[in-house]
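In what follows, a structure is listed as structure tokens, so that the remarks can point back to it.
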Amino acid sequence: MRDPRIYGLLAEFDNVNDAIRAARSTYAAGYRKIDAYTPFPVEELSEAIGFEKNGVALVCLIGGLLGGTAAFVLQWWINNISYPLNVGGRPFNSWPSFIIVTFEMTILFSGLSAVFGMLALNGLPMPYHPVFNVPRFDLASKDRFFLIIFSSDKNYDPTRTRQFLEGLNPISVAEVPS
Amino acid sequence: MRRATEVEVGEQKAPVIQPGHTYASITEKIGAIVLRRPLTNGWLLGMVICFIILQWFLLAVCYLFYKGVGIWGVNIPIGWGFAIVNFVWWIGIGHAGTLISAILLLLRQSWRNSINRFAEAMTLFAVACAGMFPVFHLGRPWLFYWLFPYPNTMSYWPQFRSPLVWDVFAVTTYLTISLVFWFIGLIPDMASLRDQTSNRFVKIVYGLLCMGWRNSVRHWNRYETAYLLLGGLATPLVLSVHTVVSFDFSIGIVPGWHTTIFPPYFVAGAIYSGFAMVLVLAIPIRKFYGIEDFITMRHLENSAMVMLATGWIVCYGYAFEAFMNWYGGDPYETFLRWNRLHGPYAGFYYALLFTNLVVPQVLWFKRIRTNPLLLFFISLDVLVGMWLERFIIVVVSLTRDFLNSSFGMYYPTQWDWAIFIGTLGFFSACMFLFLRLLPAVSISELKTLLPEAEVTVKHEVEVHT
């Protein structure tokens with residue numbers, strides 16, 4: 001049933017509302033291994049394909065907590081254990097003066113975790129991907145909206161899935177060679 | 001992303017994007033600047049001038065590294081001089097970029113979408129210029145890494161109670177976060193350039209830079225979260241950076257520096273000069289690249305209003321400084337006030353008041369706020385004024401501190417000027433390259449402002465089986 005040479009079927013739409021409608025119908029028809037491609041972020045479309053939660057915020061939180069803790073512990077360790085300096089009898093653990101570096105490191109690590117976490121979860125960098133084989137796919141960054149049903153979906157069938165996509169009033173439907 | 005549900009097209013407010021544009025026209029127009037626009041004489045001339053200034057800068061820096069900071073006008077009692085004046089000035093300019101990209105993002109000010117890209121680039125180059133000065137000023141700049149805590153054979157560590165060490169952390173964090181913020185903003189647009197070009201080499205370069213971005217909604221979803229989180233993180237960061245810079249002064253006991261008004265007053269001054277630089281760049285860019293449709297009168301007017309507001313906060317800072325000099329009753333502070341008004345640098349102080357407080361008041365008039373040429377000159381005036389402010393803070397306080405025996409004067413040398421003007425050349429050369437190589441206006445964010453990007457479909461489920 002599944003042709004290993006085919007990665008999926010790609011339907012093209014010329015406006016955002018048609019694409020959202022089509023994505024909802026596709027999801028309702030039981031397809032789960034689907035994705036959409038848009039020239040700008042469309043929240044409703046990622047909801048429509050059943051993708052709402054992502055782990056970026058959690059990665060960012062963990063990164064920030066680690067960065068902040070590490071910065072404070074480092075300063076505490078330096079000033080109390082490794083290199084204590086007695087300046088006029090002032091306390092070694094003068095924590096208020098450590099707050100700024102702690103704050104900056106929290107921001108630095110949470111920011112970098114958010115960015116690199118996002119890239120890692122997205123599987124980027126990935127210079128090659130089968131969808132790039134479709135010539136019209138270049139328009140995904142210009143003015144077209146694409147919906148794909150991957151051939152790995154359990155409901156995928158070369159003829160019925162193509163008929164289904166053609167029933168959604170797309171501009172074109174193309175096979176994506178893998 | 002920051003969906004603008006209504007794009008105001010009224011008589012009261014100029015639109016944020018001229019009506020009549022479509023997804024395709026935006027992509028074409030911005031992409032064409034990078035991909036299809038021929039090399040113009042204007043660009044070449046500008047680039048050559050900036051490049052010559054840059055070479056002058058490199059020469060000055062080489063001589064500085066060879067001879068040491070003695071070639072500058074700094075000497076005891078004025079150990080800081082131009083290096084710190086320029087450091088604070090440049091880093092202040094950087095603040096507008098982050099303010100536009102982060103704070104206005106959180107406040108859902110959709111007009112930011114067309115100016116954030118080049119404002120972020122401006123931030124990046126300005127912070128790079130700023131970051132050079134403290135390193136040049138170190139005396140032995142090749143040992144700059146001693147500022148960072150790392151295990152070393154000398155078994156010593158940086159002094160974490162010192163504002164100068166806080167500064168290192170604040171500025172490097174700011175530079176790094178600004179860089180990644182700018183870079184991830186560019187990813188979808190570089191993918192768009194990759195898709196538009198037919199030149200194989202250009203396609204490969206942008207394809208590698210955008211890391212194979214394919215506009216998947218799953219990717220967009222995570223991307224949006226990361227972008228928003230960065231906005232949320234950059235907001236306290238940008239406020240903290242100039243606060244920490246002001247700590248370099250206010251933690252010390254020198255008259256005129258030891259004051260609690262410094263952090264808010266520095267941050268407001270930073271945004272003031274930053275928006276001035278945004279206007280100085282935006283006005284020629286929109287004119288010469290024909291993108292008045294995307295950077296409209298609305299952007300210029302809003303920036304002018306931000307300048308007016310922050311200018312008044314700065315004015316409050318001056319007034320409060322003067323009040324505390326008098327009310328505090330400290331003889332050295334009282335003398336500082338007299339010295340600013342009548343001392344050897346009094347001319348600079350009056351010039352500061354004129355450029356920073358008097359001239360920008362014309363921005364109250366809408367006719368002036370909507371006149372690009374006048375706005376350009378007012379912005380230049382503010383940049384000069386904010387530079388004078390840092391000069392007054394650094395030099396006037398240091399030349400006349402506590403003891404008459406330690407009074408002195410500060411005269412910058414040609415090398416001070418060469419390095420200062422050189423960073424202007426570096427900054428402009430970077431901006432010229434940026435305009436030529438990367439999309440100066442965000443393509444994907446601009447599309448979200450179009451009426452056709454509005455999602456009208458209801459949340460109903462149609463079942464096809």
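By convention in this document, the chains of the structure tokens carry letters A, B, ... by their order, each chain's residues are numbered from 1, and ligands are numbered from 1 in the order they are shown.
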Sorted per-residue table, chain A near chain B, closest atoms and distance, 8 Å, only C-alpha atoms, as a Markdown table:
```
| residue | atom | partner | partner_atom | distance |
| --- | --- | --- | --- | --- |
| A:Asn15 | CA | B:Glu452 | CA | 7.8 |
| A:Val16 | CA | B:Ala453 | CA | 6.7 |
| A:Asn17 | CA | B:Val457 | CA | 5.7 |
| A:Ile20 | CA | B:Val457 | CA | 7.5 |
| A:Arg21 | CA | B:Val457 | CA | 7.2 |
| A:Arg24 | CA | B:Val461 | CA | 6.2 |
| A:Ser25 | CA | B:Glu462 | CA | 5.4 |
| A:Thr26 | CA | B:His464 | CA | 7.8 |
| A:Ala28 | CA | B:Val463 | CA | 5.8 |
| A:Ala29 | CA | B:Thr465 | CA | 5.8 |
| A:Asp35 | CA | B:Ser216 | CA | 6.7 |
| A:Ala36 | CA | B:Val217 | CA | 5.5 |
| A:Tyr37 | CA | B:Ser216 | CA | 4.3 |
| A:Thr38 | CA | B:Asn215 | CA | 5.6 |
| A:Pro39 | CA | B:Asn215 | CA | 6.4 |
| A:Phe40 | CA | B:Ser444 | CA | 5.1 |
| A:Pro41 | CA | B:Trp220 | CA | 5.4 |
| A:Val42 | CA | B:Val217 | CA | 7.2 |
| A:Glu43 | CA | B:Asn221 | CA | 7.0 |
| A:Glu44 | CA | B:Val455 | CA | 7.8 |
| A:Leu45 | CA | B:Val217 | CA | 7.0 |
| A:Ser46 | CA | B:Val217 | CA | 5.5 |
| A:Phe51 | CA | B:Arg218 | CA | 6.7 |
| A:Glu52 | CA | B:Asn221 | CA | 7.8 |
| A:Asn54 | CA | B:Arg222 | CA | 6.1 |
| A:Gly55 | CA | B:Arg222 | CA | 7.8 |
| A:Val56 | CA | B:Arg222 | CA | 6.3 |
| A:Ala57 | CA | B:Thr225 | CA | 7.0 |
| A:Gln75 | CA | B:Phe160 | CA | 6.9 |
| A:Ile78 | CA | B:Trp157 | CA | 7.1 |
| A:Tyr83 | CA | B:Tyr156 | CA | 6.7 |
| A:Ser97 | CA | B:Arg161 | CA | 5.4 |
| A:Phe98 | CA | B:Phe160 | CA | 6.6 |
| A:Ile100 | CA | B:Trp166 | CA | 6.5 |
| A:Val101 | CA | B:Trp166 | CA | 5.9 |
| A:Glu104 | CA | B:Ala170 | CA | 5.9 |
| A:Met105 | CA | B:Thr173 | CA | 7.4 |
| A:Ile107 | CA | B:Leu233 | CA | 6.1 |
| A:Leu108 | CA | B:Thr173 | CA | 5.6 |
| A:Ser110 | CA | B:Leu233 | CA | 7.9 |
| A:Gly111 | CA | B:Leu230 | CA | 5.8 |
| A:Leu112 | CA | B:Ile177 | CA | 7.4 |
| A:Ala114 | CA | B:Ala226 | CA | 5.3 |
| A:Val115 | CA | B:Ala226 | CA | 6.1 |
| A:Met118 | CA | B:Arg222 | CA | 5.9 |
| A:Leu121 | CA | B:Arg222 | CA | 8.0 |
| A:Asn122 | CA | B:His219 | CA | 5.6 |
| A:Leu124 | CA | B:Met211 | CA | 6.1 |
| A:Pro125 | CA | B:Met211 | CA | 4.3 |
| A:Met126 | CA | B:Gly212 | CA | 5.0 |
| A:Pro127 | CA | B:Gly212 | CA | 4.1 |
| A:Tyr128 | CA | B:Gly212 | CA | 6.6 |
| A:His129 | CA | B:Gly212 | CA | 7.9 |
| A:Asp138 | CA | B:Asp195 | CA | 5.0 |
| A:Leu139 | CA | B:Asp195 | CA | 7.4 |
| A:Ala140 | CA | B:Asn215 | CA | 6.8 |
| A:Ser141 | CA | B:Ser192 | CA | 5.0 |
| A:Lys142 | CA | B:Ala24 | CA | 5.8 |
| A:Asp143 | CA | B:Tyr23 | CA | 5.2 |
| A:Phe164 | CA | B:His464 | CA | 7.9 |
```
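Here atom CA of Gln18 of chain B is placed at a distance of 18.7 Å from atom CA of Pro439 of chain B.
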* Structure fact -> Restricting to only C-alpha atoms, whichever of A:Ile171, A:Ser82, A:Gly117, A:Lys33 is closest to Leu58 of chain A is A:Gly117
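Excluding Thr296 of chain B itself and any same-chain residue fewer than 5 positions from it, the protein and nucleic acid residues within 10 Å of it, counting only C-alpha atoms, are Ala14, Pro15, Val16, Ile17, Gln18, Trp111, Ser114, Ile115, Ala282, Ile283, Arg286, Ile291, Glu301 and Thr370 of chain B.
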Create the file for the chosen residues now, containing N, CA and C atoms and written as a PDB file, in the first residue's frame.
```
ATOM      1  N   ALA B  14      -1.306  57.949   9.988  1.00  0.00           N
ATOM      2  CA  ALA B  14      -0.818  57.352   8.750  1.00  0.00           C
ATOM      3  C   ALA B  14      -0.788  55.843   8.945  1.00  0.00           C
ATOM      4  N   PRO B  15      -1.021  55.066   7.894  1.00  0.00           N
ATOM      5  CA  PRO B  15      -1.019  53.606   8.050  1.00  0.00           C
ATOM      6  C   PRO B  15       0.386  53.086   8.315  1.00  0.00           C
ATOM      7  N   VAL B  16       0.474  51.896   8.956  1.00  0.00           N
ATOM      8  CA  VAL B  16       1.799  51.321   9.183  1.00  0.00           C
ATOM      9  C   VAL B  16       2.338  50.688   7.913  1.00  0.00           C
ATOM     10  N   ILE B  17       1.441  50.417   6.972  1.00  0.00           N
ATOM     11  CA  ILE B  17       1.878  49.883   5.683  1.00  0.00           C
ATOM     12  C   ILE B  17       0.897  50.416   4.652  1.00  0.00           C
ATOM     13  N   GLN B  18       1.411  50.900   3.527  1.00  0.00           N
ATOM     14  CA  GLN B  18       0.524  51.517   2.538  1.00  0.00           C
ATOM     15  C   GLN B  18      -0.469  50.482   2.008  1.00  0.00           C
ATOM     16  N   TRP B 111       3.272  48.518  14.765  1.00  0.00           N
ATOM     17  CA  TRP B 111       4.078  49.357  13.858  1.00  0.00           C
ATOM     18  C   TRP B 111       5.553  49.024  13.940  1.00  0.00           C
ATOM     19  N   SER B 114       7.946  46.880  10.934  1.00  0.00           N
ATOM     20  CA  SER B 114       8.729  47.273   9.759  1.00  0.00           C
ATOM     21  C   SER B 114      10.057  47.922  10.118  1.00  0.00           C
ATOM     22  N   ILE B 115      10.250  48.334  11.366  1.00  0.00           N
ATOM     23  CA  ILE B 115      11.542  48.972  11.664  1.00  0.00           C
ATOM     24  C   ILE B 115      12.401  48.133  12.595  1.00  0.00           C
ATOM     25  N   ALA B 282      16.714  55.592   9.470  1.00  0.00           N
ATOM     26  CA  ALA B 282      15.477  55.247   8.764  1.00  0.00           C
ATOM     27  C   ALA B 282      15.154  56.253   7.670  1.00  0.00           C
ATOM     28  N   ILE B 283      15.406  57.530   7.925  1.00  0.00           N
ATOM     29  CA  ILE B 283      14.981  58.550   6.967  1.00  0.00           C
ATOM     30  C   ILE B 283      15.713  58.395   5.626  1.00  0.00           C
ATOM     31  N   ARG B 286      14.680  54.752   3.927  1.00  0.00           N
ATOM     32  CA  ARG B 286      13.369  54.656   3.282  1.00  0.00           C
ATOM     33  C   ARG B 286      13.336  55.462   1.990  1.00  0.00           C
ATOM     34  N   ILE B 291      11.358  52.469   0.181  1.00  0.00           N
ATOM     35  CA  ILE B 291      10.458  51.648   0.998  1.00  0.00           C
ATOM     36  C   ILE B 291       9.607  52.523   1.906  1.00  0.00           C
ATOM     37  N   GLU B 301       6.742  59.481  12.965  1.00  0.00           N
ATOM     38  CA  GLU B 301       6.058  60.293  13.961  1.00  0.00           C
ATOM     39  C   GLU B 301       6.112  59.621  15.339  1.00  0.00           C
ATOM     40  N   THR B 370       6.219  65.379  11.062  1.00  0.00           N
ATOM     41  CA  THR B 370       5.961  64.706   9.791  1.00  0.00           C
ATOM     42  C   THR B 370       6.831  65.264   8.670  1.00  0.00           C
TER      43      THR B 370
END
```
* Polymer residues at most 8 Å from segment 309-318 of chain B, only C-alpha atoms, same-chain spacing of 6 or more positions, as a PyMOL selection string -> chain B and resi 261-262+265-266+268-269+271-272+356-357+360
Let's have the selection written as a tab-separated table (two decimals), in the first residue's frame, with C-alpha atoms.
```
chain	number	residue	atom	x	y	z
B	261	ILE	CA	18.84	59.18	39.87
B	262	PHE	CA	21.47	57.74	37.53
B	265	TYR	CA	18.11	58.80	33.88
B	266	PHE	CA	20.71	56.78	31.98
B	268	ALA	CA	15.89	57.24	29.40
B	269	GLY	CA	18.90	58.98	27.85
B	271	ILE	CA	16.44	55.35	24.55
B	272	TYR	CA	16.45	59.04	23.63
B	356	ASN	CA	19.02	68.11	24.37
B	357	LEU	CA	16.30	70.23	25.90
B	360	PRO	CA	13.73	68.88	20.55
```
